[in-house]
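I have placed the structure first, in the form of C-alpha cells, so that the comments after it can refer back to it.
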Amino acid sequence: QDKTIKIGVLTDNSGLYADLGGPGSTLAAQMAIEDAGLTAKGWKIDLISADHQNKPDIGTAIARQWIDVEKVDVFMDVLNSGVALAVNNVVKEKNSILIDTGAATSDLTNAQCSPNTIHWVYDTYMLANSTGQALVKAGGDTWYFLTADYAFGHALERDTTAVVLKSGGKVIGTVKHPLNTADFSSFLLQAQASKAKIVGMANAGGDTTNTIKQAAEFGIVSGGQKLAGLLLFITDVHALGLKVAQGLNFTETFYWDLNDGTRAFSKRFSERMKNKAMPSMVQAGVYSGLLHYFKALEAMGGNPHDGAKVVAKMKEMPTDDQLFGKGTIRADGRKLHPAYLFEVKKPEESKGPWDYYKLIGTTAADQAFRPLSESVCPLVKK
Amino acid sequence: MQALYAQLLVGLINGSFYALLSLGLAVIFGMLNIINFAHGALYMMGAFVAYFLLNLGGINYWWALLLAPIIVGIFGMILERTMLQWLTGLDHLYGLLLTFGIALIVQGVFQNYFGSSGLPYAIPDQLRGGMNLGFMFLPVYRGWVVVFSLAVCLATWFLIEKTQLGAYLRAATENPTLVRAFGINVPRMITLTYGLGVGLAALAGVLSAPINQVRPLMGADLIIVVFAVVVIGGMGSIMGSIITGFALGVIEGLTKYFYPEASNTVVFVLMVLVLLVKPTGLTGRAA
Amino acid sequence: MADEFILETEGLTKEFAGFFAVRDVALKVRRGSIHALIGPNGAGKTTCFNLLTKFLKPSAGKILYKGQDITAMAPADVARMGLVRSFQISAVFPHLTALENVRVALQRQHGSSFDFWRSKTVLNRFNDRARELLNDVGLSEFANTPAVEMPYGRKRALEIATTLALDPEMMLLDEPMAGMGHEDIDKIAALIKRISAKYTILMVEHNLSVVANLSDIITVLTRGQVLAQGHYSELTKDERVKEAYLGAGHA
Amino acid sequence: MTTLTDDTLPATPRAMRDEMIVFVVMALLLASVPFTGVYPFFVMQALCFALLACAFNLLVGYGGLLSFGHAMFLGTAGYCSAHALKVWALPPELGILVGVAAAFVLSIVTGYISIRRQGIYFSMITLALSQLLYFIYLQAPFTHGEDGIQGIPQGRMFGVLDLSKPTVLYYVVLVGFLAGFLLIVRIINSPFGEVLKSIRENEQRAISLGYRTDQYKFLAFVLSGTLAGFAGALKVFVAQNASLTDVHWTMSGEVVLMTLVGGLGTIFGPVVGAFVIIAMQQYLAGFGQWVTVIQGAIFVVCVLTFRRGVIGEIAHYFRRSL
Amino acid sequence: MPDTAIAEAPARAATGGNILQVRNLEAWYGESHILHGINFDVNAGEVVTLLGRNGAGKTTTLKSIMGIIGKRTGSVRFNNQEIIRATSDRIARMGVAFCPEERGIFSSLDVRENLMLPPVVRAGGLPLDQIFELFPNLKERLSSQGTKLSGGEQQMLAIARILRTGASFLMLDEPTEGLAPVIIQQIGHTIARLKKEGFTILLVEQNFRFASTVADRYYVVEHGKIIDGFSNSELAANMDKLHTYLGV
Ligand SMILES: Nc1ncnc2c1ncn2[C@@H]1O[C@H](COP(=O)(O)OP(=O)(O)OP(=O)(O)O)[C@@H](O)[C@H]1O
Ligand SMILES: Nc1ncnc2c1ncn2[C@@H]1O[C@H](COP(=O)(O)OP(=O)(O)OP(=O)(O)O)[C@@H](O)[C@H]1O
Ligand SMILES: [Mg+2]
Ligand SMILES: [Mg+2]
C-alpha cells in the first residue's frame, strides 16, 4: 500500500483574508502532520501552499496543476466562496479531495455538493441560524439589516430573516450597501433612525470592521441598539480592539479559550505564529480536518489516491478532536459540530491579550446546520 | 426631511476625504504630470505612521497630524529622487506603472508585517463624543475633519494658484529643460512638490485613522474613486478637485439615501456624463 | 461668376471671448491665382485659414467654396472637396518615412483606407506616384528617411508634397518659407510657381521678396480686418500699409 | 502624446519577413507544448491573455488610444459565453460566438461614447465605463455575483472535438489564438493600419488630409474590443468559470502591464508579456505574502530599466521591428 | 535702480573684455555627433551673429552653451568661469539668457504668467512698460493663453520675457522668424539699444539682411565647425564667400 500523502493549502496569503487563513493555515496543517504521528509509522507526508489571490481562475489553475503535476491529494482551507466553488468543481472532476474550512457559502454542501468535498467549519446558513435565533430569544426581536449588495450578502440576509421570523422576531428595514464601502455613516444613520433593537451586518471583511468602528463613533451601541455580526472572526475583533468591538454578538464554531483542549492547541499555535496570534476557526479547522483525514487513511491502511473513496471513509467515521469535540460528517459533506454564540467583552473584563469572548449560547450540532430535509444536494437520499 | 439633512452633512464629511486625497493627486498630476498610483499606499502609510507614533513613540494625534505627513513626505521625496525622476518626459503610462509597482511593494510589506485586517487607532480624547444636532447625531471628530480639511485645501490652493510656484510648476511640466534654462532648479522643485502631494495623502491618512481601520489595503480600495474625482474636476485643476471632492461626497450621500445600491457606481456614471459634456472635466484646461 | 472665384467669404468673423481676431472679412480668391495674405503679427491670418478649413467655427459670416456654402462642414469633408491646407508649424507624420507620408495622402484619394483585412503591400502601387511627387519637391534622396530626421526646410517641402498628393483644387499655405535657408526658399518658391498653373493658392508669408515675386494679388489684413488689396507695387506705395506692416525703413 | 513605442525602428519589407519567421517559430514552439511536459493549462491560460494583450496593443500601440477598461470586453464575453454554454446549453462554437457578439456590441456602444475623448481622458472614460459594468455584473443575477458562473460544461466543438480532453482543448485554444493573432498582425500591416499609425502620429494633419479620424479610431476600437471578447470566450473553456475578476479594473491594469512588459507597439511583445505575467502569478503563488512585493519590484525594475519591454529591447538591440 | 545697473554694465564690459570663450566644443544628440569642435569668442558689449545653413549646428551651439544638450565636451568659459559642466539653472543665474527658436511658450500659462516666468537674476532688466512699448500686441493679449497667440506674437513674447530678467548675455535663436517687417525693424532697434546699454548678444540668424543691420561680427558654422569669421567692416569684402557658404 502506498503511504505517501501530499497536502495542498490553497489560501489567501496576501489579501484581505490572509490573517484568518493564510500562513496560519499552513502552520495548522504543519502541526496536524506533526501531531498525527503518521511519519513515525512510515508515512511520507508533504505539504505545499499557495496564494490564490482571491481569484477563481488563479485558484482553478493552481488546483489543476497541483493535481496533475504535483499529485496533491487533499486541498485545505480554500477560503473565499468564489474560489472554493471553482476548486470544488476541479476537485470533483479530477476525483481529488477538498476539505474546505474557509469558505462561507452553504452551496458547497447544497446545490453544488460533491462526493469529494467536505465543508468543515461553518457556513452562511449556520451563521444566520445561530446568531438570529439566539438574539431573538434574548429579546432582540426587531431587526435592521445592513446588507452587502451581492449574492453573499443577499443570502445571509435572506437566511437570517427567515430565522428571525420563525423565532417570532420582526425585520423592520434593510439597506443594501455596495461591496467595499469605506464609509457607513449614511447607512448607520438610517439604522439608528429605525430604532430596531438589533442591527444585523450581513456583510464581511473590511465592510464589517468599518461598520463596527463607525457604529461606535455614531453611538449606535451606547444608544441601546445591539450590533450583530453575521460573519466575523477573532482576527477582526483583534484588529478593532475591545474598545470598539465590545458588546458585539456573533457566532463561531471555535474559540481558543473554550476548554483545555482548545487552550493547549492554541498556545502551541500562537507560539509559532509570527505575530503571536491565536488561531482563527478557519485555521483550527485545517488542523482538525487533516487529523480526521489522516485517521481515515490510516484505517484504510494506505493512500488509495481516490478522493471519493477517502471522503466516503471519512464520512463513515465519527470525528473527534481537541478543537471541535465529537462530531460527524453528513452525506452532503457537511461536518457537524456545535455553534457558539459569543459576545465581545468590555475592555475591563478582558484579562489579557486575545481574551475577547464571553460565551452566551450554544446551538447543538444537530440544530446548528441546514437540516437534510431542506437540502437539494443530490447525494442526499430522500 | 431631517434624514435628508443628515445625509447631506455626512456626505460633506466624506467629501472632505475625497477632496484632500484628490487634491494631493491633482497637485502631483497637474504639476508634475505623474499619475500617482501610489497615492492610496501613501495615504495608508500616513495612517500607519500615526499608529506607530502613538504606540511606539507615545506621540499623540496632534503631533501625528504634523509629523506623519512630513515623514511620509520625505519618503515620497526619496521615491521621487531615486525613481520617478528618471521618467520625466516619458508618457504618463510609465509613471502610472512605476507608482503602481511602488504601491504593490509598500502594501505588500505592510501586509507582511501587520496582517491585513488592520490595527485600531482611537479618536483623540479632545474630539471624542458627539453633538445632537436635532436632525442627527454628529460625532465631534467628523466635524473636525470637515473644518480641518477645508482649511488645508484652501491653503494648498493658495500656495499653488496664487503664488509664482504654480506657474513654475506648470511650465516645468510642459518644458522642464527650458524652465531650468531660466534659472530655476527644476529637479529640486519637483521633488519638493511631490513631497507636498504625498504629504497631503498622508495627512488624509492620519485624519482617517480614527474613523476607518488602519489597514494595508485601506488606500487601494479608495484610489480609483479618488482618480475619478480628479478626472471629473479636470485633471490637474486644484480648485476643480477640491470642489468635486466635496460635491461627490454629497452626491454619494444622497444616492446612499435614495438608491443605496448605486452609491458606488454613481461616481462613474457622473464621470462618464461629465466627460461626455465637458471633455476636459469640469474646470480642466485644454489637454 | 461663381466660376471666376473659387473661394469667397462674406462677413467672416471670429471672436475669442470678446476679442475679434477676424472681423467682417470679405475675401475673393480668383481661380488659378496665387493670392497672398499678409499683415502684421496677430492680424488674423492663421485664424482666417483655420476658419476656411473649418478647424475653427466662424462666429458669423459665410464661406463659399466653388459656389457651395461650406460654412457648416467638418474639416475632413472640406479637405475632401479639394481645399487643403498646410500648417504654420510644420506638420508631418514624424515616424513615417517621406514616402509613407505622401502615400498616406494618396491612399485617402484612392480609397482602401478602411481595408483592415488586406496587406499593406497593396499600397505599393502608390509608390511610383509618391516618388514622382517627392521628386517634384526635391526630396528624392529622402524617400526612405523618417520625417523626424529631416532638416526643417525639407519637412516643409514634404508637407507640400503630401498636400499635392491629394490633388487639391486649392491650397492654403501658412508661411511655407518660415525658417528655411535661402536655397530652400528659392526651391519652394519655384515649386509654388510651377504648381500654381494647376491649383489655386492662398498663402500667408512674411518674406516680402517671396510675396513680391510670387503673388498675383495681395490682401493686407490688420487687426482682423482687410486694410487694402492690390498688387505688390501698388501696396508698397500705400502709406497705411507701410505704417502697419512694411515699416518705415521699407523702400 | 509622447511616444510610448520605440519608433526609431524601421518598418521595411525586411521587418515583415522577420515577423513571419518569428511567427512560425512561435507557432511551432506552441504546437509542441503537449509533447514537452510543460503544463498545458498554464500555457492555455497564458494564450488567452496573450490574445487579449495583443488586442489591447492594437489599440494603444498602433492607434495611440490607451484603454483602461479592456477587461470589460474580456469579462462580458466570458459571462455571455458561460451563460450560453451553461444555461442555454449551446454547443461550444455557438457559445464562443455569443461571447464575441456580446463584446462586439459592447465595443460599439462604449466606442461611440469614448472615441472622441483625447489622451488621458480617453483612458479615464473607458475606465469609468468598465467600472460601471463591473458594478452591474456584481449585482446582476445571471453572473452569480462574487461566486461567478461555475462548472461550465466544455462540450464537443462541432460535435466532434471533445474539449474536456486537455490535448484537444489545447489545440483548439492554440488555433483560436493563432487565428486571432494573425488577424491582428494583418490589421497592423494593412492599409487601414497605415492610416491608424498616421493618425496616432499627427491627428490634425490627418484631418487636414481629409481623413475622418474618428471613424478610423472607432473601427480600431471595435476590432480591438471584439478580439478581446474572443479571448474572453476562449478563456471560459480553459478556466471553466467566469468571475468578477475578469471585469475588475485590476484586470484592465494587468493587460496594460503584460503589454508593457513584453513591449508596447511590438507585434510579439504582448504575447511574451502575457506569458511572463501569468508565469509570475503561477510561480510566485508559493511565495506566500511576498507575492505582491515581488510583483511590484518587477514592475519597478521593468519601468526603470527595460522600458521598451522584453521584445522591444531585443528588437531595439538588433534594430529590427518585431 | 535699473539705471544704476545699466550704467555699471559698460564698465564691466570694458574691464572684462572677453565675456564668452568657446573652445573645442563638441556635442552629441544621443548617438549622433553634431558639433565637432567649435571655437569662438564673444567680447563684452558686442553683437555676434552665427550664420550657417539649415542643420549646420547653430542652435546646437547655443544649447550647448546653455547646458541643455545631454553630452558635450570641450570648454566654455563665461566671465572666466568654466561652465561646460554646470547645470543650466546655474548658468542662467550667472546671467545668461536664452530665447529658443521654437519659442517655448507655455500653453498652460497665460501671457502674463509666461512673461513673468523667468526669475530676475539681477537688476538691470527692462521694466514692463518698456517691454510693452516694444511689443504693444502683448499688452493687449495679457490674459490670453500663451499658445493662443499668433505665431509672431509668440516670438515677441519669447524675446520679451528674457529682457526682463536682467541677464546681461542674451542668446537669441532666429528672433525674426515669422515676424512682420515692422516688427523686425523694431527688434533691430531693440538690439541696438540693448547693446548700447551694455548687453552682449549672441545671435543666430537666417535673415542675413536683418543680421547685417545689427551685428558687429559674424561666424560661419558648417557641419558643426566654425569655418570662417569676420567683422562687419569686412563684410563687403567677404560677400562672395558668403554666397558660397549660404547660397544667399
Ligand atoms: N484660440 C484663440 N483664442 C484666443 N485668441 C486667439 C486664438 N487664436 C488666435 N487668437 C488671437 O487672434 C489674433 C490673430 O491670430 P492669428 O494667429 O490669426 O494671427 P496671424 O495673422 O496668423 O499672425 P502671425 O503672422 O503672427 O502668425 C492674435 O492676436 C491671437 O492672439
Ligand atoms: N533632437 C535631435 N536629435 C537628433 N538630431 C538632431 C536633433 N536636433 C537637431 N539635430 C540635428 O543636428 C544638426 C544640427 O541642428 P541644429 O538645430 O543645431 O541646426 P541649425 O544650424 O540651428 O539649423 P536651422 O537653421 O535649421 O535652425 C542637424 O543635422 C539636425 O538634424
Ligand atoms: Mg499665423
Ligand atoms: Mg536652429
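Each chain of the C-alpha cells is named A, B, ... in the order shown, its residues numbered from 1; ligands are numbered from 1 in display order.
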
Could you give me, as a ChimeraX atom specification, each residue of range 96-312 of chain D that DSSP assigns to alpha helix (DSSP H) when run on this structure's backbone? /D:96-114,119-139,166-188,191-201,203-208,213-239,249-262,269-284,291-305,309-312

Find the residues of chain C that sit at most 10 Å from ligand 4; for each, write down the nearest two atoms and how far apart they are in Å, to one decimal. Count only C-alpha atoms and all ligand atoms. Sort by chain, then by number going up, and give it as CSV.
```
residue,atom,partner,partner_atom_place_in_ligand_line,distance
C:Pro151,CA,ligand 4,1 (Mg),9.8
C:Tyr152,CA,ligand 4,1 (Mg),8.8
C:Gly179,CA,ligand 4,1 (Mg),8.4
C:Met180,CA,ligand 4,1 (Mg),9.9
```

Residue list for chain D near chain A as a PyMOL selection string, 8 Å, only C-alpha atoms: chain D and resi 39+41-42+138-139+144-148+150-151+239+241+243+245+281-282+285-292

Using only C-alpha atoms and all ligand atoms, what are the residues with an atom within 9 Å of ligand 2, set out as a PyMOL selection string? (chain C and resi 148-153+179-181) or (chain E and resi 28-35+50-63+101+173-174+204-206+221-224)

Find the residues around Lys278 in chain B up to 10 Å (only C-alpha atoms counted), leave out those fewer than 4 positions away in its own chain, and share them as a ChimeraX atom specification. /B:232,234,272-274,282-284 /D:117

Can you list every residue of chain E that has an atom at most 6 Å from chain B, with its nearest atom pair and the distance in Å to one decimal, using only C-alpha atoms, ordered by chain then number, as CSV?
```
residue,atom,partner,partner_atom,distance
E:Ser88,CA,B:Ala181,CA,4.9
E:Asp89,CA,B:Gly183,CA,3.8
E:Ala92,CA,B:Gly183,CA,4.6
E:Arg93,CA,B:Gly183,CA,5.3
E:Phe106,CA,B:Ala171,CA,5.9
E:Pro118,CA,B:Phe182,CA,5.2
```

Close residues to ligand 3 using only C-alpha atoms and all ligand atoms, limit 6 Å, as JSON, numbers by chain: {"C": [45, 46], "E": [150, 151]}

Dump as a PDB file, in the first residue's frame, selection limited to N, CA, C and O atoms:
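This is the output file out-v6.pdb:
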```pdb
ATOM      1  N   LYS C  45      -4.360  86.132 -39.764  1.00  0.00           N
ATOM      2  CA  LYS C  45      -4.176  85.372 -40.987  1.00  0.00           C
ATOM      3  C   LYS C  45      -4.361  83.871 -40.731  1.00  0.00           C
ATOM      4  O   LYS C  45      -5.132  83.204 -41.426  1.00  0.00           O
ATOM      5  N   THR C  46      -3.670  83.395 -39.718  1.00  0.00           N
ATOM      6  CA  THR C  46      -3.813  81.975 -39.410  1.00  0.00           C
ATOM      7  C   THR C  46      -5.250  81.663 -38.998  1.00  0.00           C
ATOM      8  O   THR C  46      -5.818  80.636 -39.368  1.00  0.00           O
TER       9      THR C  46
ATOM     10  N   SER E 150      -0.754  84.445 -31.842  1.00  0.00           N
ATOM     11  CA  SER E 150      -0.339  84.167 -33.212  1.00  0.00           C
ATOM     12  C   SER E 150       1.145  83.830 -33.209  1.00  0.00           C
ATOM     13  O   SER E 150       1.853  84.098 -32.243  1.00  0.00           O
ATOM     14  N   GLY E 151       1.594  83.233 -34.296  1.00  0.00           N
ATOM     15  CA  GLY E 151       2.984  82.827 -34.378  1.00  0.00           C
ATOM     16  C   GLY E 151       3.941  83.960 -34.038  1.00  0.00           C
ATOM     17  O   GLY E 151       4.865  83.790 -33.241  1.00  0.00           O
TER      18      GLY E 151
END
```

Residues up to 10 Å from ligand 1, counting only C-alpha atoms and all ligand atoms: could you list those as an NGL selection string? (:C and (14-22 or 37-51 or 56 or 88-89 or 174-175 or 204-206 or 221-224)) or (:E and (111 or 137-138 or 140-156 or 177-180))

Those same residues - C-alpha atoms - I'd like them written as an mmCIF file, in the first residue's frame.
```cif
data_model
loop_
_atom_site.group_PDB
_atom_site.id
_atom_site.type_symbol
_atom_site.label_atom_id
_atom_site.label_comp_id
_atom_site.auth_asym_id
_atom_site.auth_seq_id
_atom_site.Cartn_x
_atom_site.Cartn_y
_atom_site.Cartn_z
ATOM 1 C CA LYS C 14 -14.213 85.129 -35.341
ATOM 2 C CA GLU C 15 -14.460 86.292 -31.797
ATOM 3 C CA PHE C 16 -12.456 84.875 -28.906
ATOM 4 C CA ALA C 17 -14.089 85.883 -25.665
ATOM 5 C CA GLY C 18 -14.642 89.474 -26.685
ATOM 6 C CA PHE C 19 -11.544 89.733 -28.840
ATOM 7 C CA PHE C 20 -12.156 89.916 -32.579
ATOM 8 C CA ALA C 21 -9.352 88.025 -34.273
ATOM 9 C CA VAL C 22 -11.118 88.259 -37.616
ATOM 10 C CA LEU C 37 -2.482 87.225 -47.368
ATOM 11 C CA ILE C 38 -0.135 89.455 -45.433
ATOM 12 C CA GLY C 39 -0.376 91.552 -42.352
ATOM 13 C CA PRO C 40 1.332 92.269 -39.054
ATOM 14 C CA ASN C 41 1.618 89.592 -36.445
ATOM 15 C CA GLY C 42 -1.670 88.791 -34.852
ATOM 16 C CA ALA C 43 -3.633 90.266 -37.711
ATOM 17 C CA GLY C 44 -5.701 87.131 -38.009
ATOM 18 C CA LYS C 45 -4.176 85.372 -40.987
ATOM 19 C CA THR C 46 -3.813 81.975 -39.410
ATOM 20 C CA THR C 47 -7.220 82.371 -37.845
ATOM 21 C CA CYS C 48 -8.611 83.027 -41.313
ATOM 22 C CA PHE C 49 -7.023 79.806 -42.530
ATOM 23 C CA ASN C 50 -8.477 77.942 -39.610
ATOM 24 C CA LEU C 51 -11.894 79.312 -40.432
ATOM 25 C CA LEU C 56 -12.403 76.842 -36.175
ATOM 26 C CA GLN C 88 2.300 77.317 -39.754
ATOM 27 C CA ILE C 89 4.202 74.921 -37.514
ATOM 28 C CA ASP C 174 0.677 79.141 -43.981
ATOM 29 C CA GLU C 175 4.176 80.643 -44.033
ATOM 30 C CA VAL C 204 0.468 83.656 -45.856
ATOM 31 C CA GLU C 205 4.073 84.777 -45.874
ATOM 32 C CA HIS C 206 6.250 87.335 -44.158
ATOM 33 C CA LEU C 221 -5.032 92.253 -43.019
ATOM 34 C CA THR C 222 -4.675 94.288 -39.832
ATOM 35 C CA ARG C 223 -6.465 93.757 -36.574
ATOM 36 C CA GLY C 224 -8.676 91.196 -38.192
ATOM 37 C CA VAL E 111 0.667 85.643 -21.464
ATOM 38 C CA ASN E 137 0.443 93.311 -29.034
ATOM 39 C CA LEU E 138 1.465 91.637 -25.828
ATOM 40 C CA GLU E 140 -3.406 93.723 -25.368
ATOM 41 C CA ARG E 141 -3.366 89.952 -25.023
ATOM 42 C CA LEU E 142 -2.046 89.722 -21.456
ATOM 43 C CA SER E 143 -4.661 87.333 -20.138
ATOM 44 C CA SER E 144 -4.815 85.154 -23.218
ATOM 45 C CA GLN E 145 -3.442 81.608 -23.088
ATOM 46 C CA GLY E 146 0.174 81.575 -24.185
ATOM 47 C CA THR E 147 -0.120 79.312 -27.172
ATOM 48 C CA LYS E 148 -3.290 81.005 -28.408
ATOM 49 C CA LEU E 149 -1.116 83.866 -29.549
ATOM 50 C CA SER E 150 -0.339 84.167 -33.212
ATOM 51 C CA GLY E 151 2.984 82.827 -34.378
ATOM 52 C CA GLY E 152 4.592 86.237 -34.407
ATOM 53 C CA GLU E 153 3.180 87.237 -31.073
ATOM 54 C CA GLN E 154 4.656 84.145 -29.557
ATOM 55 C CA GLN E 155 8.029 85.152 -30.904
ATOM 56 C CA MET E 156 7.645 88.578 -29.322
ATOM 57 C CA GLU E 177 11.413 84.184 -37.819
ATOM 58 C CA GLY E 178 7.774 84.686 -38.659
ATOM 59 C CA LEU E 179 7.730 88.348 -37.781
ATOM 60 C CA ALA E 180 6.306 91.127 -39.897
#
```

Identify, with DSSP run on backbone atoms, the residues in range 2-246 of chain E assigned to strand (DSSP E), and express the list as a VMD selection string. chain E and resid 18 to 29 32 to 43 47 to 52 71 to 78 81 to 82 96 to 99 169 to 173 200 to 204 217 to 222 225 to 231

So how many Å separate CA of Arg90 in chain E and CA of Pro119 in chain E, to one decimal?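 According to the coordinates, CA of Arg90 in chain E and CA of Pro119 in chain E are separated by 12.4 Å.
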